[in-house]
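To start, the structure under review is shown below, and the notes come after it.
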Amino acid sequence: MADKCDLCLLGLIILSSLLTGTSGVDDHVFISSGENVRLSCNNALSDCKSKTTWFYYNSFSHSAVVELIKLGIMKKDIERHERLSLESDCSLNIKNVTEEDYGSYTCRQYVNGQKQGTDARVSLHVLHVSVSPSSSSSSSSSSSQTEISPGRSVTLSCQLYLYTGLSCDDLVSSEGFELLWVNQTGVDLKTDSRYQILSSSYQYHCFIITLTTTLLNEDNNREWRCQLTHRNQLKTSVRYTVKYSDPQIQEKLKSV
């Protein structure tokens with residue numbers, strides 16, 4: 001029990017640093033899937049490229065630390081190497097972020113084979129939306145579209161992949177994170193009886209909020225947004241656009 005309490009306390013201290021900006025060499029980034037992100041190497045030395053190694057770790061999906069870049073050279077034996085690049089200031093760029101990218105990133109400096117200074121650590125937290133029923137278009141985007149038709153029921157699931165090492169119940173209840181579904185003007189859809197909004201949480205991957213509704217003719221090109229807020233401050237959001245692509249449906253809508 002004592003070990004569990006110590007872990008909870010450590011996680012809350014880390015999260016407090018995240019939210020107050022007093023984390024020193026630690027950094028935390030919130031991003032939506034489908035976007036590009038830049039992770040800063042705050043401990044970079046001058047002429048750092050040949051001295052920089054980036055590591056990735058996620059205790060929920062990997063059993064070992066993954067080396068992404070070694071002394072400025074991209075590791076080609078990892079699946080996502082084509083989406084990664086190293087900037088001149090040794091920041092790590094990740095293109096088209098997916099929910100699988102969330103986790104802990106470490107920038108380390110070496111000179112003549114010896115580690116220099118303190119590691120710069122970045123925790124990447126990803127907000128992701130998926131749709132049911134599935135469609136031919138990708139749902140892993142910050143501006144996703146799905147090809148569906150009026151009269152059908154659709155469920156949009158918005159999930160926050162938050163990497164802290166603690167359960168969401170511990171974090172959300174004490175720190176004030178919230179997921180909301182809103183319309184194009186920012187109005188909370190919980191106030192509209194047309195939408196069924198449900199929230200739930202996982203032990204570690206953090207919480208989910210789903211939106212279920214029956215599509216109407218006027219929903220063509222309608223945008224819904226899932227927003228992550230902390231104490232009413234927006235951290236990131238994902239847009240989802242309904243698109244009726246069937247030519248027959250388009251003709252019917254024109255004639256209405």
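Chain lettering (A, B, ...) mirrors the order of the structure tokens, residue numbering begins at 1 for each chain separately, and ligand numbering begins at 1 in order of display.
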
**Request:** Name the residues of region 26-244 of chain A that fall into helix (DSSP H, G or I) according to DSSP on the backbone, using the chain letters and numbers of this document, as a ChimeraX atom specification.
**Result:** /A:49-51,81-83,99-101,168-175,189-191,217-219

**Item:** Residue set, region 31-239 of chain A restricted to strand (DSSP E), as a PyMOL selection string
**Value:** chain A and resi 31-32+37-39+52-57+66-70+73-74+84-86+92-94+103-111+114-132+143-147+153-161+177-182+196-201+207-214+223-230+233-239

**Prompt:** Within 8 Å of Lys95 (chain A), counting only C-alpha atoms, which residues qualify if same-chain residues fewer than 3 places away don't, as a PyMOL selection string?
**Reply:** chain A and resi 34-37+83-84

**Prompt:** region 60-74 of chain A: which residues within 12 Å, counting only C-alpha atoms, same-chain residues fewer than 6 positions away excluded, as number ranges by chain?
**Reply:** A: 44, 47-54, 80-94, 99-115, 161-167, 203-206

**Item:** Distance of CA of Leu216 (chain A) from CA of Ser149 (chain A), expressed in Å to one decimal place
**Value:** 8.2 Å

Can you pull out every residue within 12 Å of Gly151 (chain A), counting only C-alpha atoms, but drop anything in the same chain fewer than 4 positions away, and send it as a PDB file with N, CA and C atoms, in the first residue's frame?
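Once everything was written out, this is out-v5.pdb:
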```pdb
ATOM      1  N   THR A 213     -25.378   9.770 -32.307  1.00  0.00           N
ATOM      2  CA  THR A 213     -26.535  10.485 -32.841  1.00  0.00           C
ATOM      3  C   THR A 213     -26.982   9.827 -34.136  1.00  0.00           C
ATOM      4  N   THR A 214     -28.221  10.103 -34.530  1.00  0.00           N
ATOM      5  CA  THR A 214     -28.726   9.671 -35.831  1.00  0.00           C
ATOM      6  C   THR A 214     -28.569  10.826 -36.805  1.00  0.00           C
ATOM      7  N   LEU A 215     -27.935  10.554 -37.940  1.00  0.00           N
ATOM      8  CA  LEU A 215     -27.601  11.609 -38.880  1.00  0.00           C
ATOM      9  C   LEU A 215     -28.832  12.132 -39.618  1.00  0.00           C
ATOM     10  N   LEU A 216     -28.826  13.444 -39.842  1.00  0.00           N
ATOM     11  CA  LEU A 216     -29.891  14.132 -40.570  1.00  0.00           C
ATOM     12  C   LEU A 216     -29.340  14.656 -41.895  1.00  0.00           C
ATOM     13  N   ASN A 217     -30.238  15.009 -42.805  1.00  0.00           N
ATOM     14  CA  ASN A 217     -29.800  15.578 -44.080  1.00  0.00           C
ATOM     15  C   ASN A 217     -28.899  16.792 -43.875  1.00  0.00           C
ATOM     16  N   GLU A 218     -29.281  17.643 -42.932  1.00  0.00           N
ATOM     17  CA  GLU A 218     -28.529  18.883 -42.724  1.00  0.00           C
ATOM     18  C   GLU A 218     -27.178  18.682 -42.042  1.00  0.00           C
ATOM     19  N   ASP A 219     -26.844  17.440 -41.692  1.00  0.00           N
ATOM     20  CA  ASP A 219     -25.537  17.180 -41.075  1.00  0.00           C
ATOM     21  C   ASP A 219     -24.403  17.123 -42.097  1.00  0.00           C
ATOM     22  N   ASN A 220     -24.733  17.119 -43.394  1.00  0.00           N
ATOM     23  CA  ASN A 220     -23.678  17.106 -44.407  1.00  0.00           C
ATOM     24  C   ASN A 220     -22.738  18.297 -44.204  1.00  0.00           C
ATOM     25  N   TYR A 244     -21.289  13.500 -46.757  1.00  0.00           N
ATOM     26  CA  TYR A 244     -22.110  12.609 -47.566  1.00  0.00           C
ATOM     27  C   TYR A 244     -21.561  12.647 -48.990  1.00  0.00           C
ATOM     28  N   ILE A 249     -27.247  10.913 -52.800  1.00  0.00           N
ATOM     29  CA  ILE A 249     -27.566  11.673 -51.589  1.00  0.00           C
ATOM     30  C   ILE A 249     -27.350  13.154 -51.843  1.00  0.00           C
TER      31      ILE A 249
END
```

**Request:** Point out the residue among A:Val182, A:Leu189, A:Leu156, A:Leu124 with the least atom-to-atom distance to Thr210 (chain A), counting only C-alpha atoms.
**Result:**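 Of the candidates, the smallest distance to Thr210 (chain A) is held by A:Leu156.
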
**Complete:** With distances taken over only C-alpha atoms, the candidate from A:Leu211, A:Ile197, A:Gln184, A:Thr191 nearest Glu223 (chain A) is A:Gln184

**Item:** Pairwise distance for CA of Thr185 (chain A) and CA of Thr212 (chain A), rounded to one decimal in Å
**Value:**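 About the pair CA of Thr185 (chain A) and CA of Thr212 (chain A): they are 19.0 Å apart.
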
**Message:** Could you tell me how far CA of Asn183 (chain A) sits from CA of Ser157 (chain A), in Å to one decimal place?
**Reply:**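 Between CA of Ser157 (chain A) and CA of Asn183 (chain A) the gap is 15.2 Å.
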
Nearby residues (only C-alpha atoms) at most 7 Å from Thr229 (chain A), same-chain spacing under 2 positions excluded, as a PDB file with N, CA, C and O atoms, in the first residue's frame:
```pdb
ATOM      1  N   PHE A 177      -9.054  17.662 -15.415  1.00  0.00           N
ATOM      2  CA  PHE A 177      -9.110  17.441 -16.850  1.00  0.00           C
ATOM      3  C   PHE A 177     -10.540  17.110 -17.258  1.00  0.00           C
ATOM      4  O   PHE A 177     -11.277  16.460 -16.518  1.00  0.00           O
ATOM      5  N   GLU A 178     -10.922  17.526 -18.472  1.00  0.00           N
ATOM      6  CA  GLU A 178     -12.267  17.241 -18.955  1.00  0.00           C
ATOM      7  C   GLU A 178     -12.263  17.126 -20.475  1.00  0.00           C
ATOM      8  O   GLU A 178     -11.585  17.891 -21.166  1.00  0.00           O
ATOM      9  N   LEU A 179     -13.024  16.152 -20.981  1.00  0.00           N
ATOM     10  CA  LEU A 179     -13.265  16.024 -22.415  1.00  0.00           C
ATOM     11  C   LEU A 179     -14.682  16.480 -22.714  1.00  0.00           C
ATOM     12  O   LEU A 179     -15.620  16.108 -21.999  1.00  0.00           O
ATOM     13  N   GLN A 227     -12.891  18.422 -27.361  1.00  0.00           N
ATOM     14  CA  GLN A 227     -11.948  19.338 -26.717  1.00  0.00           C
ATOM     15  C   GLN A 227     -11.439  18.763 -25.397  1.00  0.00           C
ATOM     16  O   GLN A 227     -12.210  18.237 -24.608  1.00  0.00           O
ATOM     17  N   ARG A 231      -9.079  22.688 -16.166  1.00  0.00           N
ATOM     18  CA  ARG A 231      -9.598  23.823 -15.402  1.00  0.00           C
ATOM     19  C   ARG A 231     -10.082  24.937 -16.339  1.00  0.00           C
ATOM     20  O   ARG A 231      -9.745  26.097 -16.198  1.00  0.00           O
ATOM     21  N   ASN A 232     -10.862  24.498 -17.338  1.00  0.00           N
ATOM     22  CA  ASN A 232     -11.512  25.375 -18.318  1.00  0.00           C
ATOM     23  C   ASN A 232     -10.554  26.017 -19.311  1.00  0.00           C
ATOM     24  O   ASN A 232     -10.961  26.889 -20.090  1.00  0.00           O
ATOM     25  N   GLN A 233      -9.303  25.589 -19.319  1.00  0.00           N
ATOM     26  CA  GLN A 233      -8.342  26.072 -20.301  1.00  0.00           C
ATOM     27  C   GLN A 233      -8.140  25.011 -21.383  1.00  0.00           C
ATOM     28  O   GLN A 233      -7.841  23.856 -21.078  1.00  0.00           O
ATOM     29  N   LEU A 234      -8.298  25.403 -22.654  1.00  0.00           N
ATOM     30  CA  LEU A 234      -8.174  24.456 -23.759  1.00  0.00           C
ATOM     31  C   LEU A 234      -6.725  23.998 -23.916  1.00  0.00           C
ATOM     32  O   LEU A 234      -5.814  24.817 -23.997  1.00  0.00           O
ATOM     33  N   LYS A 235      -6.528  22.666 -23.968  1.00  0.00           N
ATOM     34  CA  LYS A 235      -5.198  22.102 -24.191  1.00  0.00           C
ATOM     35  C   LYS A 235      -5.011  21.677 -25.643  1.00  0.00           C
ATOM     36  O   LYS A 235      -3.986  21.932 -26.245  1.00  0.00           O
TER      37      LYS A 235
END
```

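Using only C-alpha atoms, the nearest neighbour of Ala120 (chain A) within the list A:Asn42, A:Val29, A:His230, A:Val238 is A:Asn42.
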